[in-house]
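Asker: To start, I am sharing the structure in question, which I have written as structure tokens.
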Amino acid sequence: MVGRLAIRTSFAFCFLLLFHISGVFAQTREDAEKWLKTAKDTLALVEKTAGELVQGGIENIAQKDPAVKGEWESAKGWLSLAKEELKKAEDLCAKGKWAECSHSANWAWQLLVKCATQAFNAGRAAGLK
Amino acid sequence: MVKIKKVSKVLGGIGLFIAGLFIGSLILGNITAQGPYDRALEIAKARQLNPDAVENALKTYHPTGVLDEYIMFSSGGHSGQVIVIGIPSMRILKYIAVFTPEPWQGYGFDAENKKVLQGTNCDPLRAKLTWADTHHPAISETNGDYDGQFLFIGDKANARIAVIDLRDFETKQIVCNPLGYSNHGAAFVTPNSEYIIEPSQYAVPQGGAYAPLSEYEKKYRGFITFWYFDRKAGRIIPEKSFAVEAPPYWQDLCDAGKLESYGFAFCNSFNSEMATGKPLGSPNPLFEVGASQNDMDYLHIVNWKKAEEIVAKGGAKEVVGIGGFKIKVIPLDVAAKERILVFTPEPKSPHGVDVSPDGKWIVVGGKLDTHATVYSIQKIKDAIEKGKFEGKDKFGVPIIAFKDSVEAQVPIGLGPLHTVFDNKGFAYTSVFIESVVAKWKVGEWKLYEKLPVHYNIGHIAAAEGDTVSPDGKWVVALNKWAIDRFSPVGPLHPQNFQLIDISGDKMKLVYDMPIPLGEPHYAQIIKADKLKPWTVYPEVGWDPVKQAKSPYATALGKERIERKGKTVYVYATAIRSHFTPEIIEVEQGDKVVMYITNVERARDATHGFALGGYNINLSIEPGEVGFVEFVADKPGVFPFYCSEFCSALHLEMAGYLIVKPKKE
């Protein structure tokens, strides 16, 4: 139960971080850095949550249950792509390419959203949450 | 209805009794054979059903002949149909053919309903379509309550709206929007079904014109169309309809205001960035990224009563749209100046917008948000009245500041989409990413409970949920993914409708129903006794499209074949177990026009008319006149037969169409 709450709370927290009112197309340094921070914070929380699912035994369950395996492997796949994209965003920001960095960080965050969706499904199918 | 209530009470009583027995037995560890429900307990034990499961089964099971208390009309998604489902049994009662030919019902084969399928005002491209993406059904309303007379549904893929008459559950009209090729928030009705609301989704140059994406901001536009519905005629009247031009922000779902918000409509949008996509090799972001850069898009607040006045005063321009069809459009600058269209910010990649039963609150779900955002109609009205705006958008539309329109943000979970209501002041929001239904209290703005569903819930429907007086009792979660809920049937999985009992303090998941037809979007649930469908047509010789006696009705003994030049008219009857005439001789190249009257008056005594080789199958229900026309261009002998098993000698209900070869 604590695990369930932690998973939900941590995701909610990371989504809340993103909630701000800019109202402009994000191309400035400020926007790029904000997106980058959001993506990084989200990644940390997604990894923490993934760790909780692992602690809950999802890897073992996935070995026995093809449905869980499908969802869990998919979640890990999205996570891997998100990390790659985040690295790309960091490089772009380091070069001062703010628009590209902003788009890349946004995309990394979108990949993390997909990871979260799949992780929730994996946990649900495994009976962990 | 009394019978249903009685049976429901009895079922409820039995359910509680068995569940009690079961729980008692478990506590005592002693499921032994004593009393009248022993066998039931044995089965429950053998199937390893816990008391919850037994209770759920009893809530949904209906003995033969017992009818459901509610009827749900669900979009049939890609099938282009509407699915009619009994609640709480979750039994499928009918697929209403709407945008797609349907052989069993003869829809798209009968010459009359073939015209319906082609549309009232559809351009040649859309007149030939054989599929649709049906999205949101809307039952007609009177004073904000479902009246059970008509059903409307939108086709997202092709910007079409259909009208279904609930006297016979058949489609009577399809209209095409001449301004563009896609919608999403359709159909939604105003509280007396004055108008059917259809907003566009993907902005295009108005009226089907061409313009490059580089001119997106200048030439691409959205629209929110208000189709005028003539209830007496049972038809949309395009000439009395109008649209409000909107910026190219990709408008999404809408809902009509009611009671305190009567006269307004509310529509979401989700591309206020005006992203135009990523051509190959371009540094532009994908739509997925480009259209989600802003944390806020714009809730469109449309004063349709004022729009109506402006149209009446000649304030709209007539746009010649796709296929040369015309529609009145209130230009964006007029809509902004007259405050017909006003914005307020809404978070984050918004999707669903739903007005509370009392009309006071407008609830928005942002796909990437964690809240249900609640707006106050009073605050919105005050801001408009006082001209209290924080500015204007690029197109001159006034914007009410978020702080001046919002009442509350209820933290409910990741990815809220749609909200429905019960009769106790609770709201139920579907939460996609987290796969839950969130129950929260209107006014308290407090989350009460989350119920896991399987998986990735999209829409959610409640009993009488969109009316001014919801019933409570049942909610249906329309889940997009099923994953592991059903026996595998290949890589394409069914959708999963989950029935949730909301009558108690806690929500309870009671039933999974696979939907293997398409991806349904929205559904509406009406009290069954509000529907007054015919069980047979009112009189013999009925034309279901015109809902009147057909001039081509044929009485028994009056059957005939008449030749007029190269056209052969056949006035036939169908009755168990023969067609009259059953031998029809024509010459190659003749046009054959057949009117077949089913003279039966018994319920369910439907006859089919299947003609091999000519792609013809009619469903001729008791009293109906089936109408078919074709050119007999292939010589030969073609059997026809009744394709609906009607009687002991059903196989003998057959005949021959003899097409004599053309004389050299």
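Numbering starts fresh at 1 for the residues of each chain in the structure tokens, the chains themselves are lettered A, B, ... in the order given, and ligands are numbered from 1 as they appear.
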Env of A:Ala62: 10 Å cut, atoms = only C-alpha atoms, seq-sep filter 2 positions within chain, self excluded. Answer as an NGL selection string.

Answerer: :A and (57-60 or 64-73 or 122 or 125-126)

Asker: Which residues in stretch 407-557 of chain B does DSSP call strand (DSSP E)? List them as a PyMOL selection string.

Answerer: chain B and resi 407-411+416-421+426-431+436-441+446-452+457-462+474-479+495-501+508-515+523-527+542-543+548-549

Asker: Tell me, as a VMD selection string, which residues lie within 6 Å of stretch 156-169 of chain B, counting only C-alpha atoms; anything in the same chain fewer than 3 positions away does not count.

Answerer: chain B and resid 133 149 to 153 172 to 177 181 to 184 533 to 534

Asker: Would you give me, as a JSON list (two decimals) with N, CA and C atoms, in the first residue's frame, the residues of chain B that come within 10 Å of chain A, using only C-alpha atoms?

Answerer:
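File produced: out_20.json:
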[["chain", "number", "residue", "atom", "x", "y", "z"],
["B", 272, "SER", "N", -2.54, 25.82, -29.15],
["B", 272, "SER", "CA", -2.46, 27.28, -29.20],
["B", 272, "SER", "C", -1.08, 27.72, -29.68],
["B", 273, "GLU", "N", -0.12, 26.75, -29.69],
["B", 273, "GLU", "CA", 1.21, 27.05, -30.23],
["B", 273, "GLU", "C", 1.16, 27.21, -31.74],
["B", 274, "MET", "N", 0.08, 26.72, -32.35],
["B", 274, "MET", "CA", -0.07, 26.68, -33.80],
["B", 274, "MET", "C", 1.10, 25.94, -34.45],
["B", 275, "ALA", "N", 1.49, 24.84, -33.84],
["B", 275, "ALA", "CA", 2.54, 23.98, -34.40],
["B", 275, "ALA", "C", 2.05, 23.44, -35.74],
["B", 283, "PRO", "N", 13.93, 21.07, -38.80],
["B", 283, "PRO", "CA", 14.21, 21.14, -37.36],
["B", 283, "PRO", "C", 12.95, 21.35, -36.52],
["B", 284, "ASN", "N", 11.81, 21.54, -37.17],
["B", 284, "ASN", "CA", 10.57, 21.75, -36.42],
["B", 284, "ASN", "C", 10.29, 20.56, -35.51],
["B", 285, "PRO", "N", 9.64, 20.82, -34.39],
["B", 285, "PRO", "CA", 9.26, 19.70, -33.53],
["B", 285, "PRO", "C", 8.07, 18.94, -34.10],
["B", 286, "LEU", "N", 7.98, 17.68, -33.74],
["B", 286, "LEU", "CA", 6.78, 16.89, -34.07],
["B", 286, "LEU", "C", 5.57, 17.55, -33.41],
["B", 288, "GLU", "N", 3.55, 16.28, -31.53],
["B", 288, "GLU", "CA", 3.50, 15.79, -30.15],
["B", 288, "GLU", "C", 4.23, 16.74, -29.19],
["B", 289, "VAL", "N", 5.32, 17.28, -29.68],
["B", 289, "VAL", "CA", 6.10, 18.21, -28.87],
["B", 289, "VAL", "C", 5.63, 19.65, -29.11],
["B", 290, "GLY", "N", 5.49, 19.99, -30.38],
["B", 290, "GLY", "CA", 5.15, 21.37, -30.72],
["B", 290, "GLY", "C", 3.83, 21.82, -30.16],
["B", 291, "ALA", "N", 2.87, 20.89, -30.11],
["B", 291, "ALA", "CA", 1.53, 21.27, -29.65],
["B", 291, "ALA", "C", 1.38, 21.10, -28.14],
["B", 292, "SER", "N", 2.49, 20.80, -27.46],
["B", 292, "SER", "CA", 2.38, 20.67, -25.99],
["B", 292, "SER", "C", 3.41, 21.55, -25.30],
["B", 293, "GLN", "N", 3.89, 22.56, -26.00],
["B", 293, "GLN", "CA", 4.90, 23.45, -25.42],
["B", 293, "GLN", "C", 4.28, 24.37, -24.36],
["B", 294, "ASN", "N", 3.10, 24.88, -24.70],
["B", 294, "ASN", "CA", 2.46, 25.80, -23.76],
["B", 294, "ASN", "C", 1.84, 25.03, -22.60],
["B", 295, "ASP", "N", 1.95, 25.60, -21.44],
["B", 295, "ASP", "CA", 1.30, 24.96, -20.29],
["B", 295, "ASP", "C", -0.19, 25.24, -20.28],
["B", 296, "MET", "N", -0.56, 26.29, -20.99],
["B", 296, "MET", "CA", -1.98, 26.63, -21.04],
["B", 296, "MET", "C", -2.43, 26.77, -22.49],
["B", 297, "ASP", "N", -3.55, 26.19, -22.79],
["B", 297, "ASP", "CA", -4.22, 26.49, -24.05],
["B", 297, "ASP", "C", -5.46, 27.31, -23.70],
["B", 298, "TYR", "N", -6.43, 27.33, -24.61],
["B", 298, "TYR", "CA", -7.57, 28.21, -24.35],
["B", 298, "TYR", "C", -8.89, 27.46, -24.33],
["B", 345, "PRO", "N", -7.50, 30.67, -20.04],
["B", 345, "PRO", "CA", -6.47, 29.62, -20.11],
["B", 345, "PRO", "C", -6.92, 28.33, -19.44],
["B", 346, "GLU", "N", -6.43, 27.23, -19.99],
["B", 346, "GLU", "CA", -6.74, 25.92, -19.41],
["B", 346, "GLU", "C", -5.50, 25.02, -19.54],
["B", 347, "PRO", "N", -5.20, 24.30, -18.45],
["B", 347, "PRO", "CA", -4.02, 23.44, -18.47],
["B", 347, "PRO", "C", -4.41, 22.04, -18.91],
["B", 348, "LYS", "N", -3.60, 21.21, -19.15],
["B", 348, "LYS", "CA", -2.34, 21.22, -19.86],
["B", 348, "LYS", "C", -2.53, 20.17, -20.92],
["B", 368, "LEU", "N", -2.10, 16.05, -19.73],
["B", 368, "LEU", "CA", -0.80, 15.94, -19.06],
["B", 368, "LEU", "C", -0.82, 16.67, -17.73],
["B", 369, "ASP", "N", -1.98, 16.85, -17.19],
["B", 369, "ASP", "CA", -2.13, 17.56, -15.92],
["B", 369, "ASP", "C", -2.40, 16.54, -14.81],
["B", 370, "THR", "N", -2.50, 17.03, -13.60],
["B", 370, "THR", "CA", -2.83, 16.15, -12.47],
["B", 370, "THR", "C", -4.11, 16.60, -11.77],
["B", 371, "HIS", "N", -4.75, 17.59, -12.35],
["B", 371, "HIS", "CA", -5.95, 18.14, -11.71],
["B", 371, "HIS", "C", -7.18, 18.06, -12.60],
["B", 402, "PHE", "N", -6.83, 33.43, -15.92],
["B", 402, "PHE", "CA", -7.11, 32.14, -15.26],
["B", 402, "PHE", "C", -7.65, 32.35, -13.84],
["B", 411, "PRO", "N", -6.81, 17.95, -7.12],
["B", 411, "PRO", "CA", -5.73, 17.01, -7.47],
["B", 411, "PRO", "C", -6.26, 15.58, -7.51],
["B", 412, "ILE", "N", -6.33, 15.03, -8.71],
["B", 412, "ILE", "CA", -6.98, 13.72, -8.81],
["B", 412, "ILE", "C", -6.09, 12.64, -9.41],
["B", 413, "GLY", "N", -4.98, 13.01, -10.04],
["B", 413, "GLY", "CA", -4.12, 11.96, -10.60],
["B", 413, "GLY", "C", -3.61, 12.33, -11.97],
["B", 414, "LEU", "N", -2.92, 11.41, -12.57],
["B", 414, "LEU", "CA", -2.15, 11.69, -13.77],
["B", 414, "LEU", "C", -2.95, 11.47, -15.06],
["B", 415, "GLY", "N", -3.26, 12.54, -15.71],
["B", 415, "GLY", "CA", -3.90, 12.43, -17.01],
["B", 415, "GLY", "C", -5.41, 12.41, -16.96],
["B", 432, "PHE", "N", -6.41, 8.79, -17.42],
["B", 432, "PHE", "CA", -5.85, 7.89, -18.43],
["B", 432, "PHE", "C", -4.51, 7.27, -18.02],
["B", 433, "ILE", "N", -3.52, 8.10, -17.70],
["B", 433, "ILE", "CA", -2.17, 7.58, -17.47],
["B", 433, "ILE", "C", -2.17, 6.64, -16.27],
["B", 434, "GLU", "N", -2.90, 7.03, -15.26],
["B", 434, "GLU", "CA", -2.91, 6.24, -14.03],
["B", 434, "GLU", "C", -3.92, 5.08, -14.08],
["B", 435, "SER", "N", -4.77, 5.07, -15.09],
["B", 435, "SER", "CA", -5.80, 4.01, -15.23],
["B", 435, "SER", "C", -6.69, 3.91, -13.99],
["B", 452, "PRO", "N", -9.01, 1.56, -9.44],
["B", 452, "PRO", "CA", -8.24, 1.10, -10.60],
["B", 452, "PRO", "C", -9.14, 0.46, -11.65],
["B", 453, "VAL", "N", -8.85, 0.76, -12.92],
["B", 453, "VAL", "CA", -9.58, 0.13, -14.03],
["B", 453, "VAL", "C", -8.55, -0.42, -15.01],
["B", 454, "HIS", "N", -9.03, -1.21, -15.97],
["B", 454, "HIS", "CA", -8.09, -1.98, -16.80],
["B", 454, "HIS", "C", -8.41, -1.77, -18.28],
["B", 455, "TYR", "N", -7.59, -1.09, -18.99],
["B", 455, "TYR", "CA", -6.52, -0.20, -18.61],
["B", 455, "TYR", "C", -6.68, 1.08, -19.44],
["B", 456, "ASN", "N", -6.04, 2.16, -19.00],
["B", 456, "ASN", "CA", -6.03, 3.40, -19.78],
["B", 456, "ASN", "C", -7.43, 3.83, -20.20],
["B", 481, "TRP", "N", -7.42, 0.11, -23.48],
["B", 481, "TRP", "CA", -6.60, -1.11, -23.55],
["B", 481, "TRP", "C", -7.24, -2.19, -22.68],
["B", 483, "ILE", "N", -5.37, -5.50, -22.56],
["B", 483, "ILE", "CA", -4.13, -6.21, -22.23],
["B", 483, "ILE", "C", -4.34, -7.67, -21.84],
["B", 484, "ASP", "N", -4.78, -7.90, -20.59],
["B", 484, "ASP", "CA", -4.85, -9.29, -20.12],
["B", 484, "ASP", "C", -6.24, -9.65, -19.58],
["B", 485, "ARG", "N", -7.23, -8.84, -19.93],
["B", 485, "ARG", "CA", -8.55, -9.08, -19.32],
["B", 485, "ARG", "C", -9.36, -10.18, -20.00]]

Asker: I need the residues of stretch 351-578 of chain B that end up classed as helix (DSSP H, G or I) by DSSP on the backbone, written out as an MDAnalysis selection string.

Answerer: chainID B and resid 377:386 402:405 528:530
